[in-house]
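This is upload_23.cif (mmCIF, C-alpha atoms).
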data_final
loop_
_atom_site.group_PDB
_atom_site.id
_atom_site.type_symbol
_atom_site.label_atom_id
_atom_site.label_comp_id
_atom_site.auth_asym_id
_atom_site.auth_seq_id
_atom_site.Cartn_x
_atom_site.Cartn_y
_atom_site.Cartn_z
ATOM 1 C CA MET A 1 115.737 276.584 108.880
ATOM 2 C CA ARG A 2 116.313 274.305 105.953
ATOM 3 C CA LEU A 3 119.083 272.696 103.894
ATOM 4 C CA TYR A 4 118.470 272.327 100.179
ATOM 5 C CA TYR A 5 121.779 271.151 98.736
ATOM 6 C CA ILE A 6 125.041 269.509 99.747
ATOM 7 C CA GLY A 7 127.602 268.994 97.026
ATOM 8 C CA ILE A 8 131.266 268.657 96.199
ATOM 9 C CA ILE A 9 132.518 270.455 93.121
ATOM 10 C CA GLN A 10 135.866 270.203 91.407
ATOM 11 C CA ASN A 11 136.977 273.807 91.067
ATOM 12 C CA GLU A 12 140.532 273.576 89.761
ATOM 13 C CA SER A 13 139.481 274.563 86.272
ATOM 14 C CA LYS A 14 136.513 276.395 84.828
ATOM 15 C CA PRO A 15 133.782 275.416 84.456
ATOM 16 C CA GLY A 16 133.502 273.560 87.755
ATOM 17 C CA THR A 17 132.328 269.963 87.746
ATOM 18 C CA GLU A 18 129.806 268.600 90.214
ATOM 19 C CA LEU A 19 131.392 265.405 91.558
ATOM 20 C CA CYS A 20 128.574 264.432 93.922
ATOM 21 C CA ALA A 21 125.515 266.160 95.319
ATOM 22 C CA GLU A 22 122.240 265.640 97.132
ATOM 23 C CA LYS A 23 119.286 267.996 96.838
ATOM 24 C CA ASP A 24 116.108 268.340 98.877
ATOM 25 C CA LEU A 25 113.465 269.663 96.506
ATOM 26 C CA THR A 26 110.413 268.502 98.470
ATOM 27 C CA SER A 27 109.401 272.054 99.398
ATOM 28 C CA TYR A 28 108.889 272.945 95.711
ATOM 29 C CA SER A 29 106.029 271.927 93.452
ATOM 30 C CA ARG A 30 106.588 269.102 91.004
ATOM 31 C CA TRP A 31 106.459 271.537 88.087
ATOM 32 C CA THR A 32 109.265 273.778 89.363
ATOM 33 C CA ARG A 33 111.660 271.186 90.824
ATOM 34 C CA ALA A 34 113.721 270.841 87.660
ATOM 35 C CA SER A 35 114.209 274.610 87.473
ATOM 36 C CA TYR A 36 115.263 274.818 91.120
ATOM 37 C CA GLU A 37 117.626 271.884 90.649
ATOM 38 C CA GLU A 38 119.299 273.636 87.704
ATOM 39 C CA PHE A 39 119.474 276.893 89.676
ATOM 40 C CA MET A 40 121.158 275.165 92.625
ATOM 41 C CA THR A 41 123.672 273.310 90.470
ATOM 42 C CA MET A 42 124.554 276.381 88.388
ATOM 43 C CA PHE A 43 124.982 278.707 91.371
ATOM 44 C CA ALA A 44 126.861 276.075 93.368
ATOM 45 C CA LYS A 45 129.346 275.732 90.505
ATOM 46 C CA THR A 46 129.673 279.519 90.216
ATOM 47 C CA VAL A 47 130.319 279.964 93.939
ATOM 48 C CA ALA A 48 132.781 277.045 93.930
ATOM 49 C CA GLU A 49 134.709 278.543 91.010
ATOM 50 C CA ARG A 50 135.051 281.816 92.939
ATOM 51 C CA THR A 51 136.161 280.191 96.189
ATOM 52 C CA ARG A 52 139.923 280.084 96.609
ATOM 53 C CA PRO A 53 141.674 277.066 98.176
ATOM 54 C CA GLY A 54 141.542 277.242 101.969
ATOM 55 C CA GLN A 55 138.777 279.873 101.922
ATOM 56 C CA ARG A 56 135.404 279.678 103.653
ATOM 57 C CA GLN A 57 132.672 282.021 102.550
ATOM 58 C CA ASP A 58 128.935 282.609 102.726
ATOM 59 C CA VAL A 59 127.176 284.104 99.714
ATOM 60 C CA GLU A 60 123.571 285.285 99.906
ATOM 61 C CA GLN A 61 121.368 285.089 96.825
ATOM 62 C CA GLN A 62 117.680 285.980 97.169
ATOM 63 C CA ASP A 63 116.347 283.766 100.005
ATOM 64 C CA TYR A 64 119.311 281.380 99.945
ATOM 65 C CA THR A 65 122.752 281.290 101.515
ATOM 66 C CA PHE A 66 125.576 279.417 99.810
ATOM 67 C CA HIS A 67 128.160 278.154 102.297
ATOM 68 C CA ALA A 68 131.432 277.286 100.579
ATOM 69 C CA TYR A 69 134.657 275.644 101.727
ATOM 70 C CA GLY A 70 137.479 275.457 99.196
ATOM 71 C CA ARG A 71 140.193 272.874 99.772
ATOM 72 C CA THR A 72 143.747 272.892 98.468
ATOM 73 C CA GLU A 73 143.111 269.503 96.818
ATOM 74 C CA GLY A 74 141.095 271.253 94.093
ATOM 75 C CA VAL A 75 137.589 270.616 95.377
ATOM 76 C CA CYS A 76 135.032 272.821 97.051
ATOM 77 C CA GLY A 77 132.142 271.828 99.299
ATOM 78 C CA ILE A 78 128.884 273.750 98.912
ATOM 79 C CA ILE A 79 125.810 273.829 101.100
ATOM 80 C CA ILE A 80 122.714 275.771 100.088
ATOM 81 C CA SER A 81 120.385 276.703 102.923
ATOM 82 C CA ASP A 82 117.816 279.314 103.763
ATOM 83 C CA GLN A 83 119.108 282.490 105.394
ATOM 84 C CA GLN A 84 118.059 281.464 108.916
ATOM 85 C CA TYR A 85 120.280 278.362 108.939
ATOM 86 C CA PRO A 86 123.280 278.882 111.288
ATOM 87 C CA ALA A 87 126.534 279.359 109.375
ATOM 88 C CA LEU A 88 128.566 277.643 112.119
ATOM 89 C CA VAL A 89 126.627 274.394 111.733
ATOM 90 C CA ALA A 90 126.814 274.576 107.928
ATOM 91 C CA HIS A 91 130.599 275.005 107.997
ATOM 92 C CA GLN A 92 131.018 272.190 110.522
ATOM 93 C CA LEU A 93 129.037 269.936 108.203
ATOM 94 C CA LEU A 94 131.105 271.083 105.213
ATOM 95 C CA SER A 95 134.346 270.227 107.016
ATOM 96 C CA LYS A 96 133.018 266.795 107.937
ATOM 97 C CA VAL A 97 131.761 266.051 104.411
ATOM 98 C CA MET A 98 134.986 267.237 102.756
ATOM 99 C CA ASP A 99 137.182 265.214 105.115
ATOM 100 C CA GLU A 100 135.128 262.067 104.508
ATOM 101 C CA PHE A 101 135.076 262.613 100.745
ATOM 102 C CA LEU A 102 138.826 263.114 100.481
ATOM 103 C CA ALA A 103 139.543 260.157 102.777
ATOM 104 C CA ALA A 104 137.275 257.805 100.798
ATOM 105 C CA HIS A 105 138.077 259.036 97.281
ATOM 106 C CA PRO A 106 141.696 259.677 96.284
ATOM 107 C CA ARG A 107 142.399 262.389 93.762
ATOM 108 C CA SER A 108 142.864 259.851 90.951
ATOM 109 C CA SER A 109 139.228 258.721 91.284
ATOM 110 C CA TRP A 110 137.772 262.172 90.575
ATOM 111 C CA SER A 111 140.483 264.129 88.746
ATOM 112 C CA ALA A 112 138.877 263.391 85.368
ATOM 113 C CA GLY A 113 135.643 265.024 86.552
ATOM 114 C CA GLN A 114 133.439 261.930 86.635
ATOM 115 C CA SER A 115 130.568 261.688 89.125
ATOM 116 C CA ILE A 116 131.129 259.792 92.333
ATOM 117 C CA ALA A 117 128.493 258.204 94.525
ATOM 118 C CA MET A 118 128.467 259.379 98.132
ATOM 119 C CA PRO A 119 125.285 258.064 99.825
ATOM 120 C CA GLU A 120 126.264 259.714 103.121
ATOM 121 C CA LEU A 121 125.221 263.085 101.678
ATOM 122 C CA ASN A 122 121.547 262.076 101.753
ATOM 123 C CA ASP A 123 121.898 261.044 105.424
ATOM 124 C CA TYR A 124 123.553 264.357 106.277
ATOM 125 C CA LEU A 125 120.919 266.305 104.363
ATOM 126 C CA THR A 126 118.228 264.592 106.431
ATOM 127 C CA LYS A 127 120.023 264.706 109.790
ATOM 128 C CA TYR A 128 121.111 268.342 109.569
ATOM 129 C CA GLN A 129 117.660 269.716 108.656
ATOM 130 C CA ASP A 130 117.355 270.461 112.374
ATOM 131 C CA PRO A 131 120.663 272.116 113.282
ATOM 132 C CA HIS A 132 119.814 271.996 117.005
ATOM 133 C CA GLN A 133 119.791 268.195 116.977
ATOM 134 C CA ALA A 134 122.827 267.823 114.750
ATOM 135 C CA ASP A 135 125.160 270.237 116.492
ATOM 136 C CA SER A 136 125.944 269.556 120.145
ATOM 137 C CA ILE A 137 126.809 273.202 120.864
ATOM 138 C CA MET A 138 123.462 274.409 119.519
ATOM 139 C CA LYS A 139 121.702 271.612 121.404
ATOM 140 C CA ILE A 140 123.307 272.734 124.672
ATOM 141 C CA GLN A 141 122.530 276.385 123.852
ATOM 142 C CA ARG A 142 118.866 275.527 123.285
ATOM 143 C CA GLU A 143 118.737 273.628 126.600
ATOM 144 C CA LEU A 144 120.349 276.606 128.358
ATOM 145 C CA ASP A 145 117.802 278.957 126.787
ATOM 146 C CA GLU A 146 114.959 276.712 127.953
ATOM 147 C CA THR A 147 116.438 276.600 131.469
ATOM 148 C CA LYS A 148 116.821 280.378 131.473
ATOM 149 C CA ILE A 149 113.163 280.817 130.496
ATOM 150 C CA THR A 150 112.109 278.445 133.289
ATOM 151 C CA LEU A 151 114.236 280.343 135.801
ATOM 152 C CA HIS A 152 112.750 283.672 134.700
ATOM 153 C CA LYS A 153 109.241 282.283 135.168
ATOM 154 C CA THR A 154 110.175 280.922 138.599
ATOM 155 C CA ILE A 155 111.712 284.227 139.683
ATOM 156 C CA GLU A 156 108.644 286.116 138.447
ATOM 157 C CA SER A 157 106.333 283.806 140.394
ATOM 158 C CA VAL A 158 108.479 284.198 143.532
ATOM 159 C CA LEU A 159 108.348 287.988 143.157
ATOM 160 C CA GLN A 160 104.593 287.882 142.680
ATOM 161 C CA ARG A 161 104.290 285.649 145.746
ATOM 162 C CA GLY A 162 106.474 288.115 147.676
ATOM 163 C CA GLU A 163 104.172 290.949 146.636
ATOM 164 C CA LYS A 164 101.167 288.942 147.809
ATOM 165 C CA ILE A 165 102.860 288.248 151.142
ATOM 166 C CA ASP A 166 103.607 291.980 151.532
ATOM 167 C CA ASP A 167 99.921 292.713 150.848
ATOM 168 C CA LEU A 168 98.870 290.146 153.472
ATOM 169 C CA VAL A 169 101.289 291.610 156.046
ATOM 170 C CA ALA A 170 99.922 295.112 155.389
ATOM 171 C CA LYS A 171 96.348 293.844 155.729
ATOM 172 C CA SER A 172 97.187 291.993 158.945
ATOM 173 C CA ASP A 173 98.844 295.134 160.324
ATOM 174 C CA GLY A 174 95.671 297.043 159.483
ATOM 175 C CA LEU A 175 93.532 294.391 161.182
ATOM 176 C CA SER A 176 95.814 294.413 164.210
ATOM 177 C CA ASN A 177 95.504 298.200 164.534
ATOM 178 C CA GLN A 178 91.717 297.999 164.133
ATOM 179 C CA SER A 179 91.450 295.263 166.761
ATOM 180 C CA LYS A 180 93.525 297.368 169.230
ATOM 181 C CA MET A 181 91.249 300.345 168.625
ATOM 182 C CA PHE A 182 88.188 298.133 169.103
ATOM 183 C CA TYR A 183 89.606 296.771 172.367
ATOM 184 C CA GLN A 184 90.378 300.260 173.680
ATOM 185 C CA GLN A 185 86.911 301.555 172.764
ATOM 186 C CA ALA A 186 85.264 298.526 174.294
ATOM 187 C CA LYS A 187 87.262 299.072 177.478
ATOM 188 C CA LYS A 188 86.142 302.719 177.610
ATOM 189 C CA GLN A 189 82.556 301.723 177.029
ATOM 190 C CA ASN A 190 82.702 299.105 179.738
ATOM 191 C CA SER A 191 84.449 301.449 182.229
ATOM 192 C CA CYS A 192 81.524 303.869 182.429
ATOM 193 C CA CYS A 193 79.220 301.207 183.688
ATOM 194 C CA VAL A 194 80.261 299.535 186.875
ATOM 195 C CA VAL A 195 78.372 296.474 187.922
ATOM 196 C CA MET A 196 77.738 296.174 191.629
#

In structure tokens, write the structure found in this file.
Amino acid sequence: MRLYYIGIIQNESKPGTELCAEKDLTSYSRWTRASYEEFMTMFAKTVAERTRPGQRQDVEQQDYTFHAYGRTEGVCGIIISDQQYPALVAHQLLSKVMDEFLAAHPRSSWSAGQSIAMPELNDYLTKYQDPHQADSIMKIQRELDETKITLHKTIESVLQRGEKIDDLVAKSDGLSNQSKMFYQQAKKQNSCCVVM
């Protein structure tokens, strides 16, 4: 699971304008990073232009998923991730980023389409690489899954121990029956000879 891009795009008019963005291109070779950066920016703008105000959507393109959240203020948040990244976590992050952006930057500061610095995006891009650590619900779900696995192993070991106990009881019953037969035969053997 990986995040590649977090950005905010002004989508009131076409073409959309990237107001601020952070990209993680470390998984690509140095020679292809520029191409991937262009691809991400171009597709992010395209998805933002096609996202209506108030709409949330996920668009899959090759190995990537574009998570979009259009706001009525004329901006759209975009996250690009791989297809395994949970959509719930991506949309929670989008809501958080959009709320912080709009609270910190009034419409007059970005309405002309100029770039705005938002250093928090880099922190979010780093923190949310592991969605299990970033999202408390997923963290609890993972802990529950781990507990469930432990319980299954414990139950299996108890059942195996129960089977072993049943085997021991059956063996002891067999030994008990054999010892009774031995006692009875020994008694018969000893009864024929009387010592005077």

Box for stretch 82-99 of chain A - axis-aligned, 8 Å on each of the six sides, all listed atoms - centre and size in Å to one decimal, as AutoDock Vina command-line options.
--center_x 127.5 --center_y 273.9 --center_z 107.4 --size_x 35.4 --size_y 33.3 --size_z 25.4

Need to verify the contact set: A:Tyr64, 10 Å, all atoms listed in the file, exclusion of same-chain residues closer than 5 positions in sequence. Can you return it as a tab-separated table (two decimals) with C-alpha atoms, in the frame of the given file?
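File produced: part_7.tsv:
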chain	number	residue	atom	x	y	z
A	2	ARG	CA	116.31	274.30	105.95
A	3	LEU	CA	119.08	272.70	103.89
A	4	TYR	CA	118.47	272.33	100.18
A	40	MET	CA	121.16	275.17	92.62
A	59	VAL	CA	127.18	284.10	99.71
A	80	ILE	CA	122.71	275.77	100.09
A	81	SER	CA	120.38	276.70	102.92
A	82	ASP	CA	117.82	279.31	103.76
A	83	GLN	CA	119.11	282.49	105.39
A	84	GLN	CA	118.06	281.46	108.92
A	85	TYR	CA	120.28	278.36	108.94

**Study point:** Output of the PyMOL selection byres ((chain A and resi 126) around 12), listed as a list in words
**Key:** Arg2, Leu3, Tyr4, Tyr5, Ile6, Glu22, Lys23, Asp24, Thr26, Pro119, Glu120, Leu121, Asn122, Asp123, Tyr124, Leu125, Lys127, Tyr128, Gln129, Asp130, Pro131, Gln133 and Ala134 of chain A

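Taking atom CA of A:Ala90 and atom CA of A:His67 as the two end points, the separation is 6.8 Å.
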
Practice item. Just say which residues the PyMOL selection byres ((chain A and resi 71) around 12) picks in this file, as a VMD selection string. Key: chain A and resid 8 to 12 48 to 49 51 to 56 68 to 70 72 to 78 94 to 95 97 to 99 101 to 102

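Atom CA of A:Met118 lies 26.7 Å from atom CA of A:Gln61.
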
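The space between atom CA of A:Thr65 and atom CA of A:Ser111 spans 27.8 Å.
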
Exercise for review: Find the residue from A:Glu146, A:Gly16, A:Asp167, A:Ala21 that sits nearest to A:Ser115; use all atoms listed in the file when measuring.
Suggested key: A:Ala21

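The smallest atom-to-atom distance between A:Gln62 and any of A:Tyr28, A:Phe39, A:Lys45, A:Glu163, using all atoms listed in the file, is found for A:Phe39.
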
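Counting all atoms listed in the file, the residue from A:Met42, A:Met1, A:Thr154, A:Ile149 that sits nearest to A:Pro86 is A:Met1.
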